Structure formats: structure tokens, C-alpha cells
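As provided, protein25.cif (mmCIF, C-alpha atoms and all ligand atoms) reads as follows.
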```cif
data_model
#
loop_
_atom_site.group_PDB
_atom_site.id
_atom_site.type_symbol
_atom_site.label_atom_id
_atom_site.label_comp_id
_atom_site.auth_asym_id
_atom_site.auth_seq_id
_atom_site.Cartn_x
_atom_site.Cartn_y
_atom_site.Cartn_z
ATOM 1 C CA MET A 22 142.568 95.174 141.479
ATOM 2 C CA ASN A 23 142.818 92.702 138.585
ATOM 3 C CA THR A 24 141.747 89.466 140.228
ATOM 4 C CA LEU A 25 139.337 90.594 142.948
ATOM 5 C CA GLU A 26 136.364 92.874 143.394
ATOM 6 C CA TRP A 27 135.717 94.562 146.727
ATOM 7 C CA LYS A 28 132.597 96.400 147.816
ATOM 8 C CA GLN A 29 131.281 97.593 151.169
ATOM 9 C CA GLU A 30 127.551 97.505 151.817
ATOM 10 C CA ASP A 31 125.448 97.645 155.011
ATOM 11 C CA GLY A 32 128.295 96.538 157.283
ATOM 12 C CA ILE A 33 129.407 93.752 154.925
ATOM 13 C CA SER A 34 132.758 93.714 153.135
ATOM 14 C CA TRP A 35 132.290 91.686 149.947
ATOM 15 C CA ILE A 36 135.299 90.089 148.281
ATOM 16 C CA ALA A 37 134.648 88.411 144.920
ATOM 17 C CA LEU A 38 137.382 86.245 143.382
ATOM 18 C CA SER A 39 137.307 87.396 139.812
ATOM 19 C CA ARG A 40 138.914 85.114 137.235
ATOM 20 C CA PRO A 41 135.725 83.405 136.036
ATOM 21 C CA GLU A 42 137.253 82.111 132.776
ATOM 22 C CA LEU A 43 139.533 79.888 134.914
ATOM 23 C CA ARG A 44 136.813 79.270 137.481
ATOM 24 C CA ASN A 45 138.459 81.795 139.837
ATOM 25 C CA ALA A 46 141.686 79.812 140.123
ATOM 26 C CA VAL A 47 144.243 81.419 142.447
ATOM 27 C CA ASN A 48 147.422 82.905 140.956
ATOM 28 C CA TYR A 49 150.153 84.967 142.664
ATOM 29 C CA GLU A 50 148.433 88.259 141.842
ATOM 30 C CA MET A 51 145.250 87.076 143.540
ATOM 31 C CA MET A 52 147.272 86.091 146.623
ATOM 32 C CA ASP A 53 148.834 89.576 146.794
ATOM 33 C CA GLU A 54 145.482 91.263 146.269
ATOM 34 C CA LEU A 55 143.791 89.106 148.922
ATOM 35 C CA ASP A 56 146.507 90.048 151.379
ATOM 36 C CA GLU A 57 146.097 93.736 150.560
ATOM 37 C CA ILE A 58 142.281 93.658 150.810
ATOM 38 C CA LEU A 59 142.340 91.826 154.133
ATOM 39 C CA HIS A 60 144.600 94.545 155.567
ATOM 40 C CA LYS A 61 142.199 97.218 154.311
ATOM 41 C CA ILE A 62 139.114 95.439 155.673
ATOM 42 C CA GLU A 63 140.728 94.995 159.075
ATOM 43 C CA ALA A 64 140.918 98.787 159.394
ATOM 44 C CA THR A 65 137.227 99.337 158.465
ATOM 45 C CA ASP A 66 134.140 99.306 160.709
ATOM 46 C CA ASP A 67 132.597 96.555 158.586
ATOM 47 C CA LYS A 68 131.030 93.833 160.683
ATOM 48 C CA ILE A 69 131.332 90.754 158.490
ATOM 49 C CA VAL A 70 133.438 89.652 155.527
ATOM 50 C CA VAL A 71 131.785 87.679 152.723
ATOM 51 C CA MET A 72 133.928 85.882 150.149
ATOM 52 C CA THR A 73 132.371 84.683 146.930
ATOM 53 C CA GLY A 74 133.310 84.031 143.304
ATOM 54 C CA SER A 75 132.486 85.749 140.026
ATOM 55 C CA GLY A 76 130.212 83.976 137.593
ATOM 56 C CA ASN A 77 127.896 81.109 138.429
ATOM 57 C CA ARG A 78 130.148 78.112 137.755
ATOM 58 C CA ALA A 79 132.684 78.183 140.573
ATOM 59 C CA PHE A 80 133.518 79.810 143.861
ATOM 60 C CA CYS A 81 137.156 78.793 143.284
ATOM 61 C CA SER A 82 138.832 75.905 141.466
ATOM 62 C CA GLY A 83 141.950 76.034 143.666
ATOM 63 C CA GLY A 84 145.455 76.836 142.524
ATOM 64 C CA ASP A 85 145.902 77.867 138.895
ATOM 65 C CA LEU A 86 147.248 74.590 137.517
ATOM 66 C CA SER A 87 148.238 76.121 134.189
ATOM 67 C CA LEU A 88 150.600 78.384 136.156
ATOM 68 C CA PHE A 89 151.646 76.230 139.109
ATOM 69 C CA HIS A 90 152.349 73.251 136.843
ATOM 70 C CA SER A 91 155.717 74.914 136.192
ATOM 71 C CA LEU A 92 156.648 74.491 139.878
ATOM 72 C CA TYR A 93 158.614 71.306 139.794
ATOM 73 C CA THR A 94 160.700 70.846 142.926
ATOM 74 C CA GLU A 95 159.714 70.578 146.574
ATOM 75 C CA ALA A 96 161.294 74.000 147.251
ATOM 76 C CA GLU A 97 159.397 75.664 144.389
ATOM 77 C CA ALA A 98 156.103 74.142 145.542
ATOM 78 C CA TYR A 99 156.805 75.194 149.142
ATOM 79 C CA GLY A 100 157.191 78.846 148.084
ATOM 80 C CA MET A 101 153.738 78.921 146.467
ATOM 81 C CA LEU A 102 151.977 76.786 149.102
ATOM 82 C CA SER A 103 153.336 78.758 152.052
ATOM 83 C CA LYS A 104 152.433 82.103 150.414
ATOM 84 C CA MET A 105 148.775 81.051 150.160
ATOM 85 C CA GLY A 106 148.996 79.234 153.503
ATOM 86 C CA GLN A 107 149.773 82.595 155.169
ATOM 87 C CA ILE A 108 146.619 84.063 153.634
ATOM 88 C CA LEU A 109 144.425 81.168 154.746
ATOM 89 C CA LYS A 110 145.781 81.567 158.278
ATOM 90 C CA ARG A 111 144.921 85.287 158.151
ATOM 91 C CA ILE A 112 141.362 84.420 157.094
ATOM 92 C CA PHE A 113 141.006 81.714 159.757
ATOM 93 C CA LEU A 114 142.308 84.090 162.459
ATOM 94 C CA PHE A 115 140.624 87.210 161.045
ATOM 95 C CA PRO A 116 139.226 89.453 163.821
ATOM 96 C CA LYS A 117 135.823 89.744 162.090
ATOM 97 C CA PRO A 118 133.486 86.839 161.217
ATOM 98 C CA THR A 119 134.020 85.513 157.690
ATOM 99 C CA VAL A 120 131.508 83.823 155.387
ATOM 100 C CA ALA A 121 132.071 81.838 152.185
ATOM 101 C CA LEU A 122 129.116 82.262 149.818
ATOM 102 C CA LEU A 123 129.360 79.426 147.293
ATOM 103 C CA ASN A 124 128.083 80.810 143.993
ATOM 104 C CA GLY A 125 129.393 77.579 142.411
ATOM 105 C CA ALA A 126 131.816 74.714 142.981
ATOM 106 C CA ALA A 127 134.621 74.948 145.539
ATOM 107 C CA VAL A 128 137.324 72.500 144.544
ATOM 108 C CA GLY A 129 140.856 71.681 145.723
ATOM 109 C CA GLY A 130 142.439 74.793 147.205
ATOM 110 C CA GLY A 131 139.047 76.486 146.719
ATOM 111 C CA CYS A 132 137.639 74.059 149.259
ATOM 112 C CA GLU A 133 140.524 74.925 151.611
ATOM 113 C CA LEU A 134 139.621 78.586 151.208
ATOM 114 C CA ILE A 135 135.990 78.019 152.249
ATOM 115 C CA THR A 136 137.241 75.963 155.212
ATOM 116 C CA ALA A 137 139.259 78.936 156.447
ATOM 117 C CA CYS A 138 135.996 80.945 156.690
ATOM 118 C CA ASP A 139 133.764 80.750 159.782
ATOM 119 C CA PHE A 140 130.510 80.074 157.862
ATOM 120 C CA ARG A 141 129.665 78.424 154.527
ATOM 121 C CA ILE A 142 126.469 79.080 152.595
ATOM 122 C CA ALA A 143 125.555 77.375 149.315
ATOM 123 C CA ARG A 144 122.827 76.428 146.910
ATOM 124 C CA ARG A 145 121.545 72.898 147.503
ATOM 125 C CA ASN A 146 123.174 71.315 144.465
ATOM 126 C CA THR A 147 126.520 73.136 144.674
ATOM 127 C CA LYS A 148 129.489 70.789 144.706
ATOM 128 C CA PHE A 149 132.511 70.985 146.964
ATOM 129 C CA GLY A 150 135.490 68.674 147.269
ATOM 130 C CA PHE A 151 139.032 68.268 148.475
ATOM 131 C CA VAL A 152 140.091 66.690 145.170
ATOM 132 C CA GLN A 153 143.823 67.080 145.814
ATOM 133 C CA GLY A 154 144.239 63.305 146.308
ATOM 134 C CA SER A 155 143.224 62.702 142.691
ATOM 135 C CA LEU A 156 146.199 64.924 141.746
ATOM 136 C CA GLU A 157 148.490 62.803 143.978
ATOM 137 C CA ILE A 158 148.933 65.618 146.510
ATOM 138 C CA THR A 159 147.173 66.602 149.744
ATOM 139 C CA THR A 160 145.761 69.883 150.993
ATOM 140 C CA GLY A 161 148.719 72.252 151.153
ATOM 141 C CA TRP A 162 147.379 75.660 152.120
ATOM 142 C CA GLY A 163 146.523 74.640 155.693
ATOM 143 C CA GLY A 164 142.942 73.673 154.824
ATOM 144 C CA GLY A 165 143.373 70.105 156.112
ATOM 145 C CA THR A 166 144.449 71.334 159.549
ATOM 146 C CA MET A 167 141.541 73.796 159.559
ATOM 147 C CA LEU A 168 139.003 71.146 158.465
ATOM 148 C CA PHE A 169 139.784 69.089 161.576
ATOM 149 C CA GLU A 170 138.810 72.177 163.624
ATOM 150 C CA ARG A 171 135.508 72.482 161.750
ATOM 151 C CA LEU A 172 134.274 68.870 161.642
ATOM 152 C CA LYS A 173 134.208 65.594 163.526
ATOM 153 C CA PRO A 174 137.461 63.742 162.694
ATOM 154 C CA HIS A 175 135.785 60.923 160.732
ATOM 155 C CA ASP A 176 133.836 63.401 158.564
ATOM 156 C CA ALA A 177 137.012 65.411 157.907
ATOM 157 C CA MET A 178 138.875 62.202 157.017
ATOM 158 C CA THR A 179 136.107 61.150 154.619
ATOM 159 C CA TYR A 180 136.229 64.510 152.833
ATOM 160 C CA LEU A 181 140.032 64.457 152.586
ATOM 161 C CA MET A 182 140.803 60.794 152.003
ATOM 162 C CA THR A 183 138.169 60.078 149.346
ATOM 163 C CA SER A 184 138.924 63.171 147.178
ATOM 164 C CA GLN A 185 135.235 63.118 146.250
ATOM 165 C CA LEU A 186 132.971 65.937 145.189
ATOM 166 C CA PHE A 187 129.986 66.240 147.538
ATOM 167 C CA ALA A 188 126.685 68.072 147.204
ATOM 168 C CA ALA A 189 126.071 70.972 149.590
ATOM 169 C CA GLU A 190 123.224 68.943 151.184
ATOM 170 C CA LYS A 191 125.794 66.435 152.443
ATOM 171 C CA GLY A 192 127.898 69.310 153.801
ATOM 172 C CA PHE A 193 124.776 70.643 155.542
ATOM 173 C CA GLU A 194 124.098 67.243 157.200
ATOM 174 C CA ASP A 195 127.708 67.167 158.448
ATOM 175 C CA GLY A 196 127.605 70.753 159.769
ATOM 176 C CA PHE A 197 130.127 71.964 157.170
ATOM 177 C CA ILE A 198 127.597 74.059 155.249
ATOM 178 C CA HIS A 199 125.507 76.270 157.531
ATOM 179 C CA GLN A 200 122.712 77.418 155.238
ATOM 180 C CA LEU A 201 121.269 75.956 152.036
ATOM 181 C CA ILE A 202 119.687 78.240 149.484
ATOM 182 C CA ASN A 203 116.960 76.921 147.175
ATOM 183 C CA ASP A 204 117.456 77.068 143.396
ATOM 184 C CA ASP A 205 114.575 79.520 142.930
ATOM 185 C CA GLU A 206 115.945 81.872 145.628
ATOM 186 C CA ASN A 207 118.295 84.763 144.900
ATOM 187 C CA LEU A 208 121.708 83.870 146.353
ATOM 188 C CA GLU A 209 122.366 87.308 147.825
ATOM 189 C CA ASP A 210 118.864 87.500 149.372
ATOM 190 C CA GLY A 211 119.441 84.089 150.975
ATOM 191 C CA LEU A 212 122.750 85.280 152.370
ATOM 192 C CA ARG A 213 121.244 88.476 153.767
ATOM 193 C CA GLN A 214 118.471 86.484 155.459
ATOM 194 C CA PHE A 215 121.155 84.334 157.120
ATOM 195 C CA LEU A 216 123.245 87.351 158.125
ATOM 196 C CA ASN A 217 120.448 89.633 159.399
ATOM 197 C CA PRO A 218 120.530 88.496 163.042
ATOM 198 C CA TYR A 219 124.334 88.876 163.100
ATOM 199 C CA LEU A 220 124.217 92.300 161.467
ATOM 200 C CA LYS A 221 121.889 93.535 164.234
ATOM 201 C CA GLN A 222 124.874 93.217 166.604
ATOM 202 C CA SER A 223 127.689 95.751 166.790
ATOM 203 C CA ALA A 224 131.068 95.120 165.172
ATOM 204 C CA ASN A 225 132.615 95.076 168.672
ATOM 205 C CA VAL A 226 130.326 92.306 169.890
ATOM 206 C CA LEU A 227 130.919 90.175 166.792
ATOM 207 C CA SER A 228 134.695 90.617 167.034
ATOM 208 C CA ALA A 229 134.683 89.862 170.759
ATOM 209 C CA TYR A 230 132.908 86.535 170.164
ATOM 210 C CA LYS A 231 135.285 85.694 167.341
ATOM 211 C CA LYS A 232 138.115 86.322 169.796
ATOM 212 C CA ILE A 233 136.622 83.864 172.297
ATOM 213 C CA TRP A 234 136.625 81.167 169.605
ATOM 214 C CA LEU A 235 140.199 81.996 168.619
ATOM 215 C CA ASN A 236 141.348 82.010 172.268
ATOM 216 C CA LYS A 237 140.692 78.279 172.223
ATOM 217 C CA PHE A 238 143.716 77.776 169.993
ATOM 218 C CA ASP A 239 147.268 77.296 171.024
ATOM 219 C CA LEU A 240 148.507 79.487 168.183
ATOM 220 C CA ALA A 241 151.986 77.980 168.112
ATOM 221 C CA THR A 242 150.597 74.436 167.701
ATOM 222 C CA PHE A 243 148.099 75.564 165.060
ATOM 223 C CA GLU A 244 150.845 77.295 163.058
ATOM 224 C CA GLU A 245 153.157 74.316 163.460
ATOM 225 C CA ASN A 246 150.458 71.967 162.140
ATOM 226 C CA VAL A 247 149.764 74.208 159.130
ATOM 227 C CA GLU A 248 153.508 74.327 158.441
ATOM 228 C CA LYS A 249 153.769 70.516 158.597
ATOM 229 C CA GLU A 250 150.827 70.227 156.177
ATOM 230 C CA ILE A 251 152.499 72.622 153.721
ATOM 231 C CA ARG A 252 155.827 70.767 153.945
ATOM 232 C CA ASN A 253 154.196 67.357 153.411
ATOM 233 C CA CYS A 254 152.283 68.614 150.384
ATOM 234 C CA SER A 255 155.491 70.136 148.960
ATOM 235 C CA LYS A 256 157.167 66.713 149.149
ATOM 236 C CA LEU A 257 154.335 65.050 147.217
ATOM 237 C CA TRP A 258 154.222 67.925 144.715
ATOM 238 C CA GLU A 259 157.653 67.141 143.279
ATOM 239 C CA LYS A 260 156.799 63.499 142.559
ATOM 240 C CA GLU A 261 156.231 62.427 138.981
ATOM 241 C CA GLU A 262 152.772 61.018 139.878
ATOM 242 C CA HIS A 263 151.581 64.559 140.664
ATOM 243 C CA HIS A 264 153.033 66.111 137.525
ATOM 244 C CA ALA A 265 151.472 63.350 135.406
ATOM 245 C CA ALA A 266 148.039 63.910 137.026
ATOM 246 C CA VAL A 267 148.213 67.665 136.348
ATOM 247 C CA ARG A 268 149.239 67.016 132.720
ATOM 248 C CA ARG A 269 146.156 64.792 132.358
ATOM 249 C CA PHE A 270 143.953 67.629 133.698
ATOM 250 C CA LEU A 271 145.499 70.260 131.446
ATOM 251 C CA ASN A 272 145.358 68.049 128.332
ATOM 252 C CA LYS A 273 141.812 66.812 128.867
HETATM 253 C C1 LIG B 301 147.087 74.244 145.079
HETATM 254 C C2 LIG B 301 146.328 73.000 145.247
HETATM 255 C C3 LIG B 301 145.183 72.963 144.300
HETATM 256 O O1 LIG B 301 144.274 73.734 144.436
HETATM 257 S S1 LIG B 301 145.247 71.836 143.060
HETATM 258 C C4 LIG B 301 143.924 72.350 142.067
HETATM 259 C C5 LIG B 301 142.786 71.456 142.266
HETATM 260 N N1 LIG B 301 141.735 71.902 141.428
HETATM 261 C C6 LIG B 301 141.233 71.178 140.466
HETATM 262 O O2 LIG B 301 141.649 70.083 140.155
HETATM 263 C C7 LIG B 301 140.068 71.897 139.870
HETATM 264 C C8 LIG B 301 139.767 71.464 138.531
HETATM 265 N N2 LIG B 301 138.606 72.180 138.012
HETATM 266 C C9 LIG B 301 137.396 71.621 138.027
HETATM 267 O O3 LIG B 301 137.163 70.547 138.584
HETATM 268 C C10 LIG B 301 136.346 72.333 137.240
HETATM 269 O O4 LIG B 301 136.954 73.310 136.442
HETATM 270 C C11 LIG B 301 135.233 73.012 138.108
HETATM 271 C C12 LIG B 301 135.830 73.931 139.162
HETATM 272 C C13 LIG B 301 134.378 71.920 138.805
HETATM 273 C C14 LIG B 301 134.336 73.851 137.166
HETATM 274 O O5 LIG B 301 133.863 73.022 136.105
HETATM 275 P P1 LIG B 301 133.339 73.692 134.721
HETATM 276 O O6 LIG B 301 132.468 74.830 135.085
HETATM 277 O O7 LIG B 301 132.789 72.606 133.900
HETATM 278 O O8 LIG B 301 134.632 74.328 134.057
HETATM 279 P P2 LIG B 301 135.806 73.636 133.195
HETATM 280 O O9 LIG B 301 136.330 72.429 133.911
HETATM 281 O O10 LIG B 301 135.352 73.471 131.801
HETATM 282 O O11 LIG B 301 136.908 74.784 133.308
HETATM 283 C C15 LIG B 301 136.840 75.995 132.541
HETATM 284 C C16 LIG B 301 138.246 76.394 132.189
HETATM 285 O O12 LIG B 301 138.944 76.678 133.409
HETATM 286 C C17 LIG B 301 140.112 75.872 133.490
HETATM 287 N N3 LIG B 301 140.357 75.538 134.890
HETATM 288 C C18 LIG B 301 139.489 75.049 135.783
HETATM 289 N N4 LIG B 301 140.070 74.887 136.977
HETATM 290 C C19 LIG B 301 141.354 75.301 136.822
HETATM 291 C C20 LIG B 301 142.485 75.382 137.691
HETATM 292 N N5 LIG B 301 142.414 75.023 138.975
HETATM 293 N N6 LIG B 301 143.640 75.842 137.185
HETATM 294 C C21 LIG B 301 143.738 76.231 135.886
HETATM 295 N N7 LIG B 301 142.703 76.174 135.019
HETATM 296 C C22 LIG B 301 141.544 75.714 135.492
HETATM 297 C C23 LIG B 301 139.798 74.632 132.658
HETATM 298 O O13 LIG B 301 140.981 73.978 132.245
HETATM 299 C C24 LIG B 301 139.021 75.251 131.516
HETATM 300 O O14 LIG B 301 139.939 75.861 130.632
HETATM 301 P P3 LIG B 301 139.642 75.868 129.037
HETATM 302 O O15 LIG B 301 138.437 76.759 128.899
HETATM 303 O O16 LIG B 301 139.370 74.440 128.654
HETATM 304 O O17 LIG B 301 140.891 76.432 128.449
#
```
Produce C-alpha cells that represent the structure in this file.
Ligand SMILES: CCC(=O)SCCNC(=O)CCNC(=O)[C@H](O)C(C)(C)COP(=O)(O)OP(=O)(O)OC[C@H]1O[C@@H](n2cnc3c(N)ncnc32)[C@H](O)[C@@H]1OP(=O)(O)O
Amino acid sequence: MNTLEWKQEDGISWIALSRPELRNAVNYEMMDELDEILHKIEATDDKIVVMTGSGNRAFCSGGDLSLFHSLYTEAEAYGMLSKMGQILKRIFLFPKPTVALLNGAAVGGGCELITACDFRIARRNTKFGFVQGSLEITTGWGGGTMLFERLKPHDAMTYLMTSQLFAAEKGFEDGFIHQLINDDENLEDGLRQFLNPYLKQSANVLSAYKKIWLNKFDLATFEENVEKEIRNCSKLWEKEEHHAAVRRFLNK
């Protein structure tokens, strides 16, 4: 694996996004490797999946803008967005509980990725934000649809419509972040403390409860809504306003 690290420990499958020099931005290779790892983990007896990022700056900075900037048309954008959208759906619907451990900022598509997970754990001052609006696009990996399943509608709208970065404390108040870890605490120890009661249960029990939550969904409607989100984002992607905003980011 070139873009991910995977380890199995005490019933936990750890996936670390591993492109720290680009703040763990997602490229096509990472998408393929995520897909492959998720298939492998599904076949293990591991109880819980933890996703995190390498380094201490970012969990994930979203799509790799230096690469995806070359996608110009709606059709080109759709190809990339739907490829990652499939992976986010797999994470959202994964038969085992999933946890995003924010070792650093989760921004843009990175924030969509943490939304696909069942639980989010972060240091107090970690920032997260659906900044896509400042690039003249919207969420486009299905994370907007998923956010409305995680939060009260007005909180989800505030996160999405303002494009702001928020501190993890704000996410905790809104029920988006489930556990805050103090600065002087080891991140992994904090996570293990959170996970201990869950890890005392069997994999079958955890999966059965995940299934009850997923049974709530009309899968066809959920998939249709994700598809609409991806198509809408693709339309905005091809506009000059978006390309100009990305150029500003890359030339900063
Ligand atoms: C598909 C939909 C999407 O996801 S659109 C992408 C939305 N994402 C963004 O706009 C994220 C922009 N990145 C950031 O805000 C910051 O890099 C964050 C994540 C907060 C980290 O800040 P900081 O630790 O100060 O790092 P930095 O900004 O100096 O970045 C270090 C190098 O990494 C690069 N980088 C960062 N994010 C991306 C990205 N998404 N795609 C491509 N490259 C990225 C920066 O340009 C910088 O590169 P360099 O070292 O200056 O060459």
C-alpha cells in the first residue's frame, strides 16, 4: 500500500491515510486502496474500524486539488466524485462500527469522510469544516446527505452553508464529535478509553446493532440522494468560478 497503512490490534482495524506532505489528500490510488482494505476488513473478525491520518497536522484535506484541478468538465468531475462517493457509501453502510480519530484538521472531502463514520473523536482544538463552498462547489462525495442523517437539520445547514472551520468543541456541543481528548492526553489512549466498553462486546453484537441502525434507511432513497448530490457538485465543478478558486488555493 502506498497511500494507506493498515494494522490490526486488539479487535481494532486501524486505517491511516498516509500522504502527510499533502495533508493526506485523497488521490485515485488512495481510493483504490481504501476500497481494497475495506473488503479485507469485512472478512476479518475485527470488531471496530478506526480511520485516522498520518502526521499531526491533518486527518484529511479532502480531494487532492493539485491532481483534480485537471478535471475540467462536468463529466470528468462526475467520474472522480462518484468513485469516492461509492467508498463513502461503503463506509457509511459498513457492517462493523467505524470511528474517525481526528489527529488533525478534517477539511472539505476530509470532513465528508469523517461524516461517513459512525463516531468522531478529536482533540479539543482540532478544526473541521465543509469548506467546499469557498471553492464554489458543494459536498460531492455524499457527505452532505450523510450529515443530515447525523445532525439536526439547522446544524447541518450551518456547517454546510457557511463553509466555516469549527473547533472540535463546537462539534461536541452539536453531537457531531463524540469524545474530546485533552491536549496533554495521548490520542490513542483517549481513543482506547472511549472504545473499551464497545470492545467488551462481541463482534456479532456490535454488527447486529449496526444493522438495526442501517435498517432504518430506505437504501434506494439514500443512494438516490447521494447520486443527486454528486451530480449537483459535478455541475458546479465545471464552472469557471470553481476553477478560479482552486487556482487561488494552489498559487497561494
Ligand atoms: C473533492 C472535494 C474537496 O475535497 S475540495 C478540497 C477541499 N480542501 C481544501 O480546500 C483543503 C485545503 N487545505 C487546508 O485548508 C490546509 O492544508 C489544512 C488541511 C488545514 C492543513 O493546513 P497546514 O497544516 O497549514 O498545511 P498547508 O496548508 O501548508 O499544506 C501543506 C501542503 O499540502 C498542500 N495541500 C493541502 N491540502 C491539499 C489538498 N486538498 N490538495 C492538494 N494539496 C493540498 C498545500 O498546498 C501545501 O503544499 P506545499 O507544501 O505548499 O507545496
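Among A:Ser82, A:Thr147, A:Ser255, A:Asn48, the residue with the shortest atom-to-atom distance to ligand LIG 301 (chain B), counting all atoms listed in the file, is A:Ser82.
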query: Which protein, DNA or RNA residues have an atom within 7 Å of ligand LIG 301 (chain B), counting all atoms listed in the file, as a PyMOL selection string?
result: chain A and resi 42-44+46+78-79+81-87+102+126-131+152-153+160-161+271
message: Taking all atoms listed in the file into account, name the residue in A:Phe187, A:Phe215, A:Phe89, A:Phe115 that is nearest to Arg268 in chain A.
response: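 Using all atoms listed in the file, the shortest distance to Arg268 in chain A belongs to A:Phe89.
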Determine the residue membership of the PyMOL selection byres (((chain A and resi 33) around 10) and not hetatm) for the file above and supply it as a compact mmCIF listing (two decimals) with C-alpha atoms, in the frame of the given file.
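File expr-v7.txt, as written:
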```txt
# COMPACT_ATOMS: atom_id res chain seq x y z
CA LYS A 28 132.60 96.40 147.82
CA GLN A 29 131.28 97.59 151.17
CA GLU A 30 127.55 97.50 151.82
CA ASP A 31 125.45 97.64 155.01
CA GLY A 32 128.29 96.54 157.28
CA SER A 34 132.76 93.71 153.14
CA TRP A 35 132.29 91.69 149.95
CA ILE A 36 135.30 90.09 148.28
CA ILE A 62 139.11 95.44 155.67
CA ASP A 66 134.14 99.31 160.71
CA ASP A 67 132.60 96.56 158.59
CA LYS A 68 131.03 93.83 160.68
CA ILE A 69 131.33 90.75 158.49
CA VAL A 70 133.44 89.65 155.53
CA VAL A 71 131.78 87.68 152.72
CA THR A 119 134.02 85.51 157.69
CA ARG A 213 121.24 88.48 153.77
CA LEU A 216 123.24 87.35 158.12
CA LEU A 220 124.22 92.30 161.47
```
message: Report, in Å with one decimal, the straight-line distance from CA of His90 in chain A to CA of Asn246 in chain A.
response: 25.4 Å
field: For CA of Gly165 in chain A and CA of Tyr93 in chain A, the interatomic separation in Å (one decimal)
entry: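 Computing the Euclidean distance for CA of Gly165 in chain A and CA of Tyr93 in chain A yields 22.4 Å.
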- prompt: Which distance in Å separates CA of Thr159 in chain A and CA of Val47 in chain A, to one decimal?
  reply: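 According to the coordinates, CA of Thr159 in chain A and CA of Val47 in chain A are separated by 16.8 Å.
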Applied to this file, what does the PyMOL selection byres (((chain A and resi 26) around 8) and not hetatm) return in terms of residues, put as a compact mmCIF listing (two decimals) with C-alpha atoms, in the coordinates of the input?
```txt
# COMPACT_ATOMS: atom_id res chain seq x y z
CA MET A 22 142.57 95.17 141.48
CA THR A 24 141.75 89.47 140.23
CA LEU A 25 139.34 90.59 142.95
CA TRP A 27 135.72 94.56 146.73
CA LYS A 28 132.60 96.40 147.82
CA TRP A 35 132.29 91.69 149.95
CA ILE A 36 135.30 90.09 148.28
CA ALA A 37 134.65 88.41 144.92
CA LEU A 38 137.38 86.24 143.38
CA SER A 39 137.31 87.40 139.81
```
message: Please list as a list of chain:residue names every residue within 9 Å of Asn23 in chain A, counting only C-alpha atoms and excluding residues in the same chain fewer than 6 positions away.
response: A:Ser39, A:Arg40, A:Glu50, A:Met51, A:Glu54
message: Given the PyMOL selection byres (((chain A and resi 260-263) around 10) and not hetatm) and the file above, list the residues it selects as a count of residues only.
response: 21
message: My list of candidates is A:Leu114, A:Leu212, A:His175, A:Gly106. Which is closest to Thr73 in chain A when distances are computed with only C-alpha atoms?
response: A:Leu212
task: For each of A:Thr136, A:Thr179, A:Gln185, A:Asn253, take the minimum atom-to-atom distance to Lys148 in chain A, counting all atoms listed in the file, then give the residue where this is smallest.
output: A:Gln185
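In terms of minimum interatomic distance to Met72 in chain A, A:Asp139 ranks closest within A:Asp239, A:Asp139, A:Glu190, A:Glu245, counting all atoms listed in the file.
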- request: Give the answer as one residue: which of A:Leu122, A:Ala96, A:Cys254, A:Val247 has the shortest atom-to-atom distance to Leu168 in chain A, using all atoms listed in the file?
  value: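 The answer is A:Val247, which sits nearest to Leu168 in chain A.
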Could you add N, CA, C and O atoms to range 221-233 of chain A and give me the result as an mmCIF file, keeping the file's coordinate frame?
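This is the output file rebuild06.cif:
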```
data_model
loop_
_atom_site.group_PDB
_atom_site.id
_atom_site.type_symbol
_atom_site.label_atom_id
_atom_site.label_comp_id
_atom_site.auth_asym_id
_atom_site.auth_seq_id
_atom_site.Cartn_x
_atom_site.Cartn_y
_atom_site.Cartn_z
ATOM 1 N N LYS A 221 122.564 92.696 163.225
ATOM 2 C CA LYS A 221 121.889 93.535 164.234
ATOM 3 C C LYS A 221 122.836 93.821 165.400
ATOM 4 O O LYS A 221 122.608 94.716 166.207
ATOM 5 N N GLN A 222 123.896 93.023 165.524
ATOM 6 C CA GLN A 222 124.874 93.217 166.604
ATOM 7 C C GLN A 222 125.930 94.225 166.159
ATOM 8 O O GLN A 222 126.140 94.433 164.959
ATOM 9 N N SER A 223 126.623 94.791 167.149
ATOM 10 C CA SER A 223 127.689 95.751 166.790
ATOM 11 C C SER A 223 128.934 94.991 166.343
ATOM 12 O O SER A 223 129.121 93.808 166.668
ATOM 13 N N ALA A 224 129.795 95.712 165.620
ATOM 14 C CA ALA A 224 131.068 95.120 165.172
ATOM 15 C C ALA A 224 131.889 94.665 166.383
ATOM 16 O O ALA A 224 132.537 93.613 166.340
ATOM 17 N N ASN A 225 131.828 95.436 167.479
ATOM 18 C CA ASN A 225 132.615 95.076 168.672
ATOM 19 C C ASN A 225 132.163 93.749 169.270
ATOM 20 O O ASN A 225 132.989 92.931 169.681
ATOM 21 N N VAL A 226 130.844 93.559 169.312
ATOM 22 C CA VAL A 226 130.326 92.306 169.890
ATOM 23 C C VAL A 226 130.735 91.116 169.005
ATOM 24 O O VAL A 226 131.223 90.090 169.497
ATOM 25 N N LEU A 227 130.574 91.278 167.703
ATOM 26 C CA LEU A 227 130.919 90.175 166.792
ATOM 27 C C LEU A 227 132.405 89.827 166.911
ATOM 28 O O LEU A 227 132.777 88.655 166.997
ATOM 29 N N SER A 228 133.248 90.852 166.934
ATOM 30 C CA SER A 228 134.695 90.617 167.034
ATOM 31 C C SER A 228 135.069 89.986 168.369
ATOM 32 O O SER A 228 135.962 89.136 168.434
ATOM 33 N N ALA A 229 134.363 90.413 169.429
ATOM 34 C CA ALA A 229 134.683 89.862 170.759
ATOM 35 C C ALA A 229 134.361 88.372 170.804
ATOM 36 O O ALA A 229 135.128 87.571 171.359
ATOM 37 N N TYR A 230 133.235 87.980 170.175
ATOM 38 C CA TYR A 230 132.908 86.535 170.164
ATOM 39 C C TYR A 230 133.873 85.758 169.285
ATOM 40 O O TYR A 230 134.240 84.629 169.603
ATOM 41 N N LYS A 231 134.295 86.374 168.187
ATOM 42 C CA LYS A 231 135.285 85.694 167.341
ATOM 43 C C LYS A 231 136.558 85.448 168.151
ATOM 44 O O LYS A 231 137.185 84.392 168.058
ATOM 45 N N LYS A 232 136.897 86.443 168.983
ATOM 46 C CA LYS A 232 138.115 86.322 169.796
ATOM 47 C C LYS A 232 137.996 85.144 170.774
ATOM 48 O O LYS A 232 138.953 84.405 170.988
ATOM 49 N N ILE A 233 136.791 84.977 171.339
ATOM 50 C CA ILE A 233 136.622 83.864 172.297
ATOM 51 C C ILE A 233 136.887 82.525 171.603
ATOM 52 O O ILE A 233 137.552 81.646 172.131
#
```
